[in-house]
>>> print(open('work_23.cif').read())   # mmCIF, C-alpha atoms
data_structure
#
loop_
_atom_site.label_atom_id
_atom_site.label_comp_id
_atom_site.auth_asym_id
_atom_site.auth_seq_id
_atom_site.Cartn_x
_atom_site.Cartn_y
_atom_site.Cartn_z
CA MET A 1 29.10 219.39 153.68
CA THR A 2 26.30 221.48 152.19
CA VAL A 3 22.79 220.11 151.62
CA SER A 4 20.57 222.02 149.23
CA ILE A 5 17.21 221.84 147.56
CA THR A 6 18.13 221.95 143.88
CA GLY A 7 14.73 221.21 142.39
CA LEU A 8 11.15 222.08 143.29
CA GLY A 9 7.97 220.91 141.60
CA THR A 10 4.26 220.90 142.37
CA TYR A 11 1.07 219.64 140.76
CA VAL A 12 -2.62 220.29 141.41
CA PRO A 13 -5.58 218.79 139.52
CA ASP A 14 -7.51 220.93 137.06
CA GLU A 15 -10.87 220.40 138.73
CA THR A 16 -11.79 222.81 141.53
CA ILE A 17 -14.54 223.33 144.07
CA THR A 18 -15.31 226.81 145.34
CA GLY A 19 -15.91 227.98 148.87
CA GLU A 20 -19.40 228.89 147.74
CA ALA A 21 -20.07 225.28 146.68
CA ILE A 22 -18.65 223.91 149.95
CA ALA A 23 -20.94 226.26 151.85
CA ALA A 24 -23.96 225.13 149.88
CA GLU A 25 -23.17 221.44 150.43
CA SER A 26 -22.29 221.75 154.12
CA GLY A 27 -24.83 224.33 155.20
CA ILE A 28 -22.08 226.51 156.66
CA PRO A 29 -22.35 230.20 155.69
CA GLU A 30 -20.22 231.10 152.68
CA GLU A 31 -18.52 233.91 154.61
CA VAL A 32 -17.34 231.38 157.21
CA VAL A 33 -15.96 228.99 154.58
CA VAL A 34 -14.22 231.68 152.52
CA GLU A 35 -13.08 234.15 155.16
CA LYS A 36 -12.72 232.15 158.38
CA MET A 37 -11.73 228.74 156.98
CA GLY A 38 -9.82 230.45 154.17
CA VAL A 39 -11.06 228.49 151.16
CA ARG A 40 -11.88 230.57 148.09
CA GLU A 41 -11.44 227.38 146.11
CA LYS A 42 -9.43 224.18 146.20
CA HIS A 43 -8.35 221.54 143.71
CA VAL A 44 -9.98 218.12 143.78
CA CYS A 45 -9.26 214.86 141.97
CA PRO A 46 -11.59 213.00 139.62
CA PRO A 47 -12.53 209.54 140.96
CA ASP A 48 -10.63 207.65 138.25
CA ASP A 49 -7.49 209.77 137.84
CA ASP A 50 -4.85 211.77 139.71
CA HIS A 51 -4.13 209.12 142.30
CA ALA A 52 -1.33 209.78 144.78
CA THR A 53 1.34 208.23 142.57
CA ASP A 54 0.08 209.99 139.42
CA MET A 55 0.33 213.39 141.06
CA SER A 56 3.66 212.54 142.72
CA VAL A 57 5.23 211.48 139.43
CA THR A 58 4.18 214.70 137.71
CA ALA A 59 5.52 216.85 140.56
CA ALA A 60 8.72 214.78 140.64
CA GLU A 61 9.31 215.14 136.90
CA ARG A 62 9.00 218.91 137.29
CA ALA A 63 11.41 218.96 140.24
CA LEU A 64 13.96 216.79 138.42
CA ALA A 65 13.78 219.06 135.38
CA ASP A 66 14.18 222.10 137.64
CA ALA A 67 17.30 220.51 139.19
CA ASP A 68 18.62 219.17 135.87
CA VAL A 69 18.96 215.76 137.49
CA ASP A 70 18.45 212.45 135.70
CA PRO A 71 16.21 209.98 137.58
CA ALA A 72 18.96 207.36 137.24
CA ASP A 73 21.21 209.58 139.37
CA LEU A 74 18.89 209.44 142.38
CA ASP A 75 20.08 207.44 145.38
CA VAL A 76 16.83 207.43 147.35
CA VAL A 77 13.17 208.31 146.78
CA VAL A 78 11.16 209.21 149.90
CA TYR A 79 7.37 209.45 149.80
CA HIS A 80 6.10 211.56 152.71
CA GLY A 81 2.54 212.19 151.61
CA SER A 82 -0.85 210.90 152.63
CA GLU A 83 -1.39 207.33 153.80
CA TYR A 84 -4.57 207.45 151.71
CA LYS A 85 -3.07 206.45 148.38
CA ASP A 86 -3.69 204.18 145.39
CA HIS A 87 -3.87 200.99 147.47
CA VAL A 88 -3.93 200.02 151.13
CA VAL A 89 -0.76 198.50 152.68
CA TRP A 90 1.32 199.33 149.63
CA SER A 91 4.50 201.22 148.77
CA ALA A 92 3.71 204.33 146.78
CA ALA A 93 7.44 205.16 146.95
CA ALA A 94 8.36 201.99 145.08
CA ALA A 95 5.77 202.63 142.38
CA ILE A 96 6.92 206.24 141.95
CA THR A 97 10.55 205.14 141.75
CA ASP A 98 9.71 202.66 139.00
CA ARG A 99 7.60 205.08 136.99
CA LEU A 100 10.33 207.73 137.11
CA GLY A 101 13.01 205.30 135.96
CA ALA A 102 15.04 205.87 139.12
CA THR A 103 16.75 202.53 138.63
CA ASN A 104 19.60 203.18 141.08
CA ALA A 105 17.49 204.51 143.96
CA TYR A 106 15.90 202.65 146.81
CA ALA A 107 12.39 203.66 147.91
CA THR A 108 11.09 204.35 151.38
CA GLU A 109 8.20 206.17 153.06
CA SER A 110 7.91 208.62 155.96
CA TYR A 111 4.59 209.53 157.58
CA THR A 112 4.01 212.50 159.86
CA LEU A 113 0.68 213.47 158.31
CA CYS A 114 0.49 217.24 157.72
CA ALA A 115 3.79 217.85 159.54
CA GLY A 116 5.60 215.71 156.99
CA ALA A 117 7.53 218.16 154.80
CA PRO A 118 9.89 219.68 157.40
CA ILE A 119 10.49 216.26 158.96
CA ALA A 120 11.14 214.47 155.66
CA LEU A 121 13.60 217.21 154.74
CA ARG A 122 15.22 216.83 158.16
CA GLN A 123 15.51 213.06 157.76
CA VAL A 124 16.94 213.08 154.26
CA THR A 125 19.40 215.87 155.14
CA ALA A 126 20.76 213.78 158.01
CA GLN A 127 20.95 210.78 155.70
CA LEU A 128 22.88 212.67 153.04
CA GLU A 129 25.29 213.96 155.67
CA THR A 130 26.05 210.51 157.09
CA GLU A 131 25.78 208.04 154.20
CA PRO A 132 27.80 207.71 151.00
CA ILE A 133 24.92 209.04 148.87
CA ASP A 134 24.40 212.52 147.47
CA THR A 135 21.03 212.84 145.69
CA ALA A 136 17.52 212.33 147.05
CA LEU A 137 13.98 212.95 145.92
CA LEU A 138 11.20 213.83 148.35
CA VAL A 139 7.67 213.38 147.03
CA ALA A 140 4.29 213.91 148.64
CA ALA A 141 0.68 213.86 147.53
CA SER A 142 -2.74 214.12 149.08
CA ARG A 143 -6.30 213.60 147.96
CA GLU A 144 -7.78 213.26 151.42
CA GLU A 145 -10.55 215.54 150.21
CA ASP A 146 -12.08 212.22 149.13
CA LEU A 147 -12.48 211.34 152.82
CA VAL A 148 -14.31 214.50 153.84
CA ASP A 149 -18.04 214.29 154.57
CA TYR A 150 -19.46 217.79 154.17
CA GLY A 151 -22.56 216.67 156.03
CA ASN A 152 -20.53 215.95 159.18
CA GLU A 153 -20.24 219.25 161.02
CA ASP A 154 -17.97 217.63 163.63
CA SER A 155 -15.23 217.39 161.00
CA SER A 156 -15.75 220.89 159.58
CA PHE A 157 -12.16 221.97 160.28
CA MET A 158 -11.17 219.52 157.52
CA PHE A 159 -13.48 221.07 154.91
CA ASN A 160 -10.39 222.93 153.65
CA PHE A 161 -8.70 219.69 152.48
CA GLY A 162 -7.59 219.93 148.85
CA SER A 163 -5.56 217.78 146.48
CA GLY A 164 -2.11 218.04 144.94
CA ALA A 165 1.50 216.91 145.06
CA SER A 166 5.00 218.26 145.62
CA ALA A 167 8.58 217.19 145.09
CA PHE A 168 12.01 218.36 146.21
CA VAL A 169 15.34 217.25 144.76
CA VAL A 170 17.85 217.40 147.61
CA GLU A 171 21.59 217.13 147.00
CA ALA A 172 24.73 217.14 149.11
CA THR A 173 28.26 218.13 148.18
CA ASP A 174 31.62 218.88 149.78
CA GLY A 175 33.09 220.82 146.85
CA GLY A 176 32.91 224.41 145.61
CA SER A 177 33.54 227.80 147.14
CA VAL A 178 33.57 228.05 150.91
CA ASN A 179 32.27 231.62 150.59
CA ASP A 180 29.09 230.87 148.70
CA GLU A 181 27.21 227.65 149.40
CA ALA A 182 25.13 228.06 146.24
CA ASP A 183 28.29 227.84 144.09
CA ARG A 184 28.76 224.27 145.26
CA PHE A 185 25.86 223.23 143.03
CA ASP A 186 26.92 225.20 139.95
CA GLY A 187 24.22 227.76 140.58
CA ARG A 188 21.44 225.12 140.73
CA ALA A 189 20.65 225.51 144.43
CA ARG A 190 17.14 226.76 145.11
CA ALA A 191 17.77 226.75 148.86
CA THR A 192 20.35 225.54 151.35
CA VAL A 193 19.00 223.46 154.21
CA ARG A 194 19.77 224.41 157.79
CA ALA A 195 18.49 222.89 161.03
CA SER A 196 15.15 221.44 162.10
CA ALA A 197 13.00 220.85 165.15
CA ALA A 198 9.84 218.93 166.03
CA GLN A 199 7.68 218.04 169.01
CA THR A 200 4.66 215.81 169.62
CA ASP A 201 1.73 215.81 172.01
CA GLY A 202 0.42 212.28 171.65
CA SER A 203 -2.67 212.98 173.75
CA PHE A 204 -4.31 214.10 170.49
CA ALA A 205 -3.69 210.77 168.73
CA GLY A 206 -7.35 209.71 168.79
CA ASP A 207 -8.92 213.04 167.88
CA VAL A 208 -9.01 212.63 164.09
CA VAL A 209 -9.73 209.18 162.70
CA MET A 210 -11.38 207.30 159.89
CA PRO A 211 -13.46 204.94 162.07
CA ALA A 212 -13.38 201.89 159.79
CA GLY A 213 -10.86 200.26 157.50
CA GLY A 214 -8.15 199.34 159.99
CA SER A 215 -7.60 196.27 162.13
CA LYS A 216 -9.89 197.53 164.90
CA ARG A 217 -12.84 197.74 162.54
CA PRO A 218 -12.10 196.10 159.20
CA PRO A 219 -14.11 197.19 156.17
CA SER A 220 -17.43 195.44 155.71
CA GLU A 221 -20.84 196.00 154.18
CA GLU A 222 -21.92 197.36 157.54
CA THR A 223 -19.10 199.92 157.83
CA VAL A 224 -19.76 201.13 154.29
CA ARG A 225 -23.50 201.36 154.93
CA GLU A 226 -22.90 203.34 158.13
CA GLY A 227 -20.55 205.79 156.39
CA LEU A 228 -17.56 204.96 158.56
CA HIS A 229 -14.94 205.43 155.81
CA THR A 230 -14.73 209.20 156.03
CA LEU A 231 -12.71 211.31 158.45
CA ASP A 232 -14.32 212.04 161.78
CA VAL A 233 -13.60 213.97 164.97
CA PRO A 234 -15.14 212.04 167.89
CA ASP A 235 -15.04 215.00 170.30
CA PRO A 236 -14.70 218.27 168.34
CA ASP A 237 -15.42 220.57 171.28
CA GLY A 238 -12.99 218.71 173.53
CA MET A 239 -10.30 218.73 170.86
CA LYS A 240 -10.71 222.46 170.28
CA GLU A 241 -10.61 223.16 174.02
CA ARG A 242 -7.42 221.15 174.52
CA LEU A 243 -5.67 222.21 171.29
CA GLY A 244 -6.27 225.94 171.67
CA PRO A 245 -3.82 226.54 174.55
CA VAL A 246 -0.99 224.42 173.13
CA SER A 247 -0.97 224.93 169.36
CA LEU A 248 0.48 228.45 169.07
CA PRO A 249 3.20 227.84 171.70
CA ALA A 250 4.15 224.60 169.90
CA TYR A 251 4.42 226.32 166.51
CA LEU A 252 6.59 229.04 168.01
CA SER A 253 8.69 226.55 169.97
CA VAL A 254 9.69 224.45 166.96
CA ALA A 255 10.33 227.55 164.86
CA ASP A 256 12.51 229.11 167.57
CA THR A 257 14.42 225.87 168.15
CA ALA A 258 15.09 225.34 164.44
CA LEU A 259 16.24 228.95 164.13
CA GLU A 260 18.52 228.67 167.17
CA ARG A 261 20.04 225.43 165.92
CA SER A 262 20.69 227.19 162.61
CA GLY A 263 22.40 230.12 164.33
CA PHE A 264 19.53 232.59 163.91
CA ASP A 265 16.57 234.06 165.77
CA ARG A 266 13.18 235.54 164.84
CA ASP A 267 14.71 238.86 163.81
CA ASP A 268 16.57 237.08 161.00
CA LEU A 269 13.48 235.43 159.56
CA ASP A 270 12.09 236.72 156.24
CA PHE A 271 9.47 234.20 155.09
CA VAL A 272 7.45 231.32 156.56
CA ALA A 273 5.88 228.55 154.45
CA LEU A 274 3.07 227.61 156.80
CA THR A 275 0.48 224.84 156.84
CA HIS A 276 -2.90 226.11 155.66
CA MET A 277 -5.19 226.86 158.59
CA LYS A 278 -7.96 229.31 159.38
CA ARG A 279 -6.96 232.77 158.26
CA SER A 280 -6.90 234.43 161.68
CA PHE A 281 -4.54 231.82 163.12
CA HIS A 282 -2.25 232.00 160.08
CA GLU A 283 -1.94 235.73 160.63
CA ARG A 284 -1.38 235.32 164.35
CA VAL A 285 1.45 232.79 163.92
CA LEU A 286 3.29 235.08 161.49
CA ASP A 287 2.65 238.11 163.68
CA GLU A 288 4.05 236.33 166.74
CA LEU A 289 7.17 235.52 164.71
CA GLY A 290 7.57 239.21 163.94
CA LEU A 291 6.46 238.89 160.32
CA ASP A 292 3.84 240.63 158.18
CA PRO A 293 1.29 238.09 156.87
CA ARG A 294 0.75 240.27 153.79
CA SER A 295 4.37 240.07 152.66
CA ASP A 296 6.28 237.44 154.66
CA GLY A 297 4.14 234.37 154.02
CA TYR A 298 1.57 233.15 151.55
CA TYR A 299 -1.99 232.21 152.46
CA LEU A 300 -3.10 229.24 150.36
CA ASP A 301 -6.76 230.16 150.00
CA GLU A 302 -6.84 229.08 146.35
CA PHE A 303 -5.52 225.62 147.28
CA GLY A 304 -6.83 224.87 150.76
CA HIS A 305 -4.88 222.47 152.92
CA VAL A 306 -2.97 219.87 150.85
CA GLN A 307 -1.39 218.02 153.77
CA SER A 308 2.44 218.01 153.56
CA VAL A 309 2.32 219.64 150.10
CA ASP A 310 1.49 223.03 151.64
CA GLN A 311 5.08 224.11 152.21
CA ALA A 312 6.12 223.59 148.58
CA LEU A 313 3.03 225.42 147.33
CA ALA A 314 3.76 228.33 149.67
CA LEU A 315 7.37 228.51 148.47
CA GLU A 316 6.33 228.55 144.82
CA ARG A 317 3.66 231.16 145.33
CA GLY A 318 6.01 233.18 147.50
CA VAL A 319 8.51 233.33 144.63
CA GLU A 320 5.82 234.12 142.04
CA THR A 321 4.48 237.02 144.13
CA GLU A 322 8.03 238.27 144.96
CA ARG A 323 7.51 237.72 148.68
CA LEU A 324 10.37 235.20 148.76
CA GLU A 325 13.60 236.49 147.25
CA PRO A 326 17.21 235.29 146.94
CA GLY A 327 19.02 235.61 150.24
CA ASP A 328 15.87 235.38 152.37
CA LEU A 329 15.90 233.19 155.45
CA GLY A 330 12.85 230.96 155.37
CA CYS A 331 11.17 228.42 157.58
CA LEU A 332 8.99 225.48 156.58
CA LEU A 333 6.53 225.35 159.48
CA ALA A 334 3.90 222.65 159.83
CA ALA A 335 1.62 220.71 162.13
CA GLY A 336 -0.15 217.39 161.74
CA THR A 337 -2.85 215.66 163.71
CA GLY A 338 -1.48 213.36 166.31
CA TYR A 339 -0.34 216.12 167.14
CA THR A 340 3.16 216.89 165.81
CA TRP A 341 4.63 220.32 165.05
CA SER A 342 7.74 220.64 162.88
CA ALA A 343 10.06 223.24 161.37
CA THR A 344 13.05 223.32 159.02
CA VAL A 345 15.04 226.46 158.27
CA ILE A 346 16.29 227.19 154.77
CA ARG A 347 18.27 229.97 153.08
CA TRP A 348 16.51 230.72 149.80
CA ARG A 349 18.85 231.06 146.82
CA GLY A 350 16.47 231.63 143.94
#
>>> encode(input="work_23.cif", output="structure tokens")
Amino acid sequence: MTVSITGLGTYVPDETITGEAIAAESGIPEEVVVEKMGVREKHVCPPDDDHATDMSVTAAERALADADVDPADLDVVVYHGSEYKDHVVWSAAAAITDRLGATNAYATESYTLCAGAPIALRQVTAQLETEPIDTALLVAASREEDLVDYGNEDSSFMFNFGSGASAFVVEATDGGSVNDEADRFDGRARATVRASAAQTDGSFAGDVVMPAGGSKRPPSEETVREGLHTLDVPDPDGMKERLGPVSLPAYLSVADTALERSGFDRDDLDFVALTHMKRSFHERVLDELGLDPRSDGYYLDEFGHVQSVDQALALERGVETERLEPGDLGCLLAAGTGYTWSATVIRWRG
């Protein structure tokens, strides 16, 4: 059986905020925001529009058109985006399924925060390989920029949060030529999906939180008055001290494991779609993998960090800038607070 991405779509809001504006609002030097944090600008949502489902539906419609797949032919719709969505304790996946007219699909959700894209692709690939279904839609969206307090220096590593959505159509088939996997989808395959890997260090679970709104501290006039509904880092220095020694090895470990499971190693790798992070660390990860950051990845400094949407944005921009070409071996590489690192290897088809 071959599992392929046959459709890819993204969406970002029209409104933007520049690194210069973030610097002015936060008091952090512009050079730090633009060069170190890597935010020339990012897209942000208006308060009354572009909710998670709105953005997901637009990205999904683009992916379905790219794949030439009718929504009624979908078997499953998986939302793997932000938990901050239109409503609390609510299925965005079900709403997206309904709005798309995916009348024969069931809806489900998968949360791994910013590590979500490689893991959702891993999960749906396994599902397609084992169940009597053949067409899935993965959708994700984030507008967690709403939850960022630029006056809270403790949470400054999240000042890069931007908004947007992504979608992948993923299909499985047994037919076609055994010599060319892409032929099995009548030339529609954008990428064939190989193996994945992930690992978690749960000791970081309490390092990034929104203090109020959950069962431990339900929303109230007091929590709103105290500003407890924005993202916070209770111990930023401690988190940085503990995360520094483990983050790079974890990124490399999941990438190496996914490559090995796929029958490859670092020397075979051509392109990495990496979670947005500070520029120096982005370059170091690619360099450690034996890649040139200028040509073998794409730095999302005009988008910022859009949670699990980053990988789709990097793929699209990689194609547009001719850094990702047919035949290239790629890796979707991500990390999410908690902390989980994840990777999925793909062979790009075009």
>>> resolve_selection(input="work_23.cif", expression="the PyMOL selection byres ((chain A and resi 52-54) around 7)", output="ChimeraX atom specification")
/A:50-51,55-58,85-86,92,96,141-142
>>> closest_residue(input="work_23.cif", among="A:Phe264, A:Tyr339, A:Tyr79, A:Phe303", to="Ala167 of chain A", atoms="all atoms listed in the file")
A:Tyr79
>>> atom_distance(input="work_23.cif", atom1="atom CA of Ala197 of chain A", atom2="atom CA of Ala115 of chain A")
11.2 Å
>>> resolve_selection(input="work_23.cif", expression="the PyMOL selection byres ((chain A and resi 250-260) around 6)", output="VMD selection string")
chain A and resid 195 to 198 247 to 249 261 to 265 342 to 343
>>> closest_residue(input="work_23.cif", among="A:Leu274, A:His80, A:Glu145, A:His305", to="Leu289 of chain A", atoms="all atoms listed in the file")
A:Leu274
>>> residues_around(input="work_23.cif", residues="Leu231 of chain A", least_positions_apart="6", cutoff="7 Å", atoms="all atoms listed in the file", output="VMD selection string")
chain A and resid 147 to 148 208 to 210
>>> residues_around(input="work_23.cif", residues="segment 327-331 of chain A", least_positions_apart="4", cutoff="8 Å", atoms="only C-alpha atoms", output="number ranges by chain")
A: 255, 268-273, 343-350
>>> atom_distance(input="work_23.cif", atom1="atom CA of Pro326 of chain A", atom2="atom CA of Asp292 of chain A")
18.3 Å
>>> resolve_selection(input="work_23.cif", expression="the PyMOL selection byres ((chain A and resi 190) around 9)", output="VMD selection string")
chain A and resid 4 to 8 67 182 187 to 189 191 to 192 326 347 to 350
>>> closest_atom_pairs(input="work_23.cif", of="segment 130-223 of chain A", to="segment 118-125 of chain A", cutoff="12 Å", atoms="only C-alpha atoms", output="CSV")
residue,atom,partner,partner_atom,distance
A:Thr130,CA,A:Thr125,CA,8.8
A:Glu131,CA,A:Thr125,CA,10.1
A:Ile133,CA,A:Val124,CA,10.4
A:Asp134,CA,A:Thr125,CA,9.7
A:Thr135,CA,A:Val124,CA,9.5
A:Ala136,CA,A:Val124,CA,7.3
A:Leu137,CA,A:Val124,CA,8.9
A:Leu138,CA,A:Ala120,CA,7.3
A:Val139,CA,A:Ala120,CA,9.4
A:Ala140,CA,A:Ala120,CA,9.8
A:Ala167,CA,A:Leu121,CA,10.9
A:Phe168,CA,A:Leu121,CA,8.8
A:Val169,CA,A:Leu121,CA,10.1
A:Val170,CA,A:Thr125,CA,7.8
A:Glu171,CA,A:Thr125,CA,8.5
A:Ala172,CA,A:Thr125,CA,8.1
A:Thr173,CA,A:Thr125,CA,11.5
A:Ala191,CA,A:Leu121,CA,12.0
A:Thr192,CA,A:Thr125,CA,10.4
A:Val193,CA,A:Thr125,CA,7.7
A:Arg194,CA,A:Arg122,CA,8.8
A:Ala195,CA,A:Arg122,CA,7.5
A:Ser196,CA,A:Arg122,CA,6.1
A:Ala197,CA,A:Ile119,CA,8.1
A:Ala198,CA,A:Ile119,CA,7.6
A:Gln199,CA,A:Ile119,CA,10.6
>>> residues_around(input="work_23.cif", residues="Asp73 of chain A", least_positions_apart="6", cutoff="8 Å", atoms="only C-alpha atoms", output="ChimeraX atom specification")
/A:102,104-105,135
>>> atom_distance(input="work_23.cif", atom1="atom CA of His282 of chain A", atom2="atom CA of Leu333 of chain A")
11.0 Å
>>> residues_near_point(input="work_23.cif", point="(-6.5, 220.6, 143.3)", cutoff="7 Å", atoms="only C-alpha atoms", output="ChimeraX atom specification")
/A:12-16,42-45,162-164,303
>>> residues_around(input="work_23.cif", residues="Gly336 of chain A", least_positions_apart="5", cutoff="9 Å", atoms="only C-alpha atoms", output="PyMOL selection string")
chain A and resi 112-116+275+307-308+341-342
>>> residues_around(input="work_23.cif", residues="Gly27 of chain A", least_positions_apart="5", cutoff="12 Å", atoms="only C-alpha atoms", output="short mmCIF file (atom, residue, chain, number, x, y, z; two decimals) with C-alpha atoms, in the frame of the given file")
data_model
loop_
_atom_site.label_atom_id
_atom_site.label_comp_id
_atom_site.auth_asym_id
_atom_site.auth_seq_id
_atom_site.Cartn_x
_atom_site.Cartn_y
_atom_site.Cartn_z
CA GLY A 19 -15.91 227.98 148.87
CA GLU A 20 -19.40 228.89 147.74
CA ALA A 21 -20.07 225.28 146.68
CA ILE A 22 -18.65 223.91 149.95
CA VAL A 32 -17.34 231.38 157.21
CA VAL A 33 -15.96 228.99 154.58
CA TYR A 150 -19.46 217.79 154.17
CA GLY A 151 -22.56 216.67 156.03
CA ASN A 152 -20.53 215.95 159.18
CA GLU A 153 -20.24 219.25 161.02
CA SER A 156 -15.75 220.89 159.58
CA PHE A 159 -13.48 221.07 154.91
#
>>> closest_residue(input="work_23.cif", among="A:Glu322, A:Asp301, A:Asp267, A:Asp232", to="Glu35 of chain A", atoms="all atoms listed in the file")
A:Asp301
>>> closest_residue(input="work_23.cif", among="A:Gly9, A:Gly338, A:Pro245, A:Pro47", to="Gly202 of chain A", atoms="all atoms listed in the file")
A:Gly338
>>> closest_residue(input="work_23.cif", among="A:Tyr84, A:His276, A:Glu241, A:Ala72", to="Gly304 of chain A", atoms="only C-alpha atoms")
A:His276
>>> build_atoms(input="work_23.cif", residues="segment 221-232 of chain A", atoms="N, CA, C and O atoms", output="compact mmCIF listing (two decimals), keeping the file's coordinate frame")
# COMPACT_ATOMS: atom_id res chain seq x y z
N GLU A 221 -19.62 195.39 154.70
CA GLU A 221 -20.84 196.00 154.18
C GLU A 221 -21.44 196.95 155.22
O GLU A 221 -21.95 198.03 154.89
N GLU A 222 -21.35 196.55 156.47
CA GLU A 222 -21.92 197.36 157.54
C GLU A 222 -21.19 198.69 157.69
O GLU A 222 -21.82 199.75 157.82
N THR A 223 -19.85 198.67 157.65
CA THR A 223 -19.10 199.92 157.83
C THR A 223 -19.32 200.86 156.65
O THR A 223 -19.37 202.08 156.83
N VAL A 224 -19.48 200.30 155.46
CA VAL A 224 -19.76 201.13 154.29
C VAL A 224 -21.16 201.73 154.41
O VAL A 224 -21.37 202.92 154.18
N ARG A 225 -22.11 200.91 154.79
CA ARG A 225 -23.50 201.36 154.93
C ARG A 225 -23.61 202.46 155.99
O ARG A 225 -24.39 203.39 155.83
N GLU A 226 -22.83 202.36 157.04
CA GLU A 226 -22.90 203.34 158.13
C GLU A 226 -22.03 204.58 157.88
O GLU A 226 -21.98 205.48 158.71
N GLY A 227 -21.35 204.62 156.74
CA GLY A 227 -20.55 205.79 156.39
C GLY A 227 -19.34 205.98 157.26
O GLY A 227 -18.97 207.12 157.60
N LEU A 228 -18.68 204.89 157.63
CA LEU A 228 -17.56 204.96 158.56
C LEU A 228 -16.20 205.05 157.86
O LEU A 228 -15.16 204.89 158.50
N HIS A 229 -16.20 205.33 156.57
CA HIS A 229 -14.94 205.43 155.81
C HIS A 229 -14.65 206.86 155.39
O HIS A 229 -14.01 207.11 154.36
N THR A 230 -15.10 207.80 156.20
CA THR A 230 -14.73 209.20 156.03
C THR A 230 -14.11 209.68 157.34
O THR A 230 -14.26 209.06 158.39
N LEU A 231 -13.40 210.79 157.27
CA LEU A 231 -12.71 211.31 158.45
C LEU A 231 -13.72 211.86 159.47
O LEU A 231 -14.71 212.49 159.10
N ASP A 232 -13.41 211.62 160.73
CA ASP A 232 -14.32 212.04 161.78
C ASP A 232 -13.52 212.59 162.97
O ASP A 232 -12.35 212.23 163.16
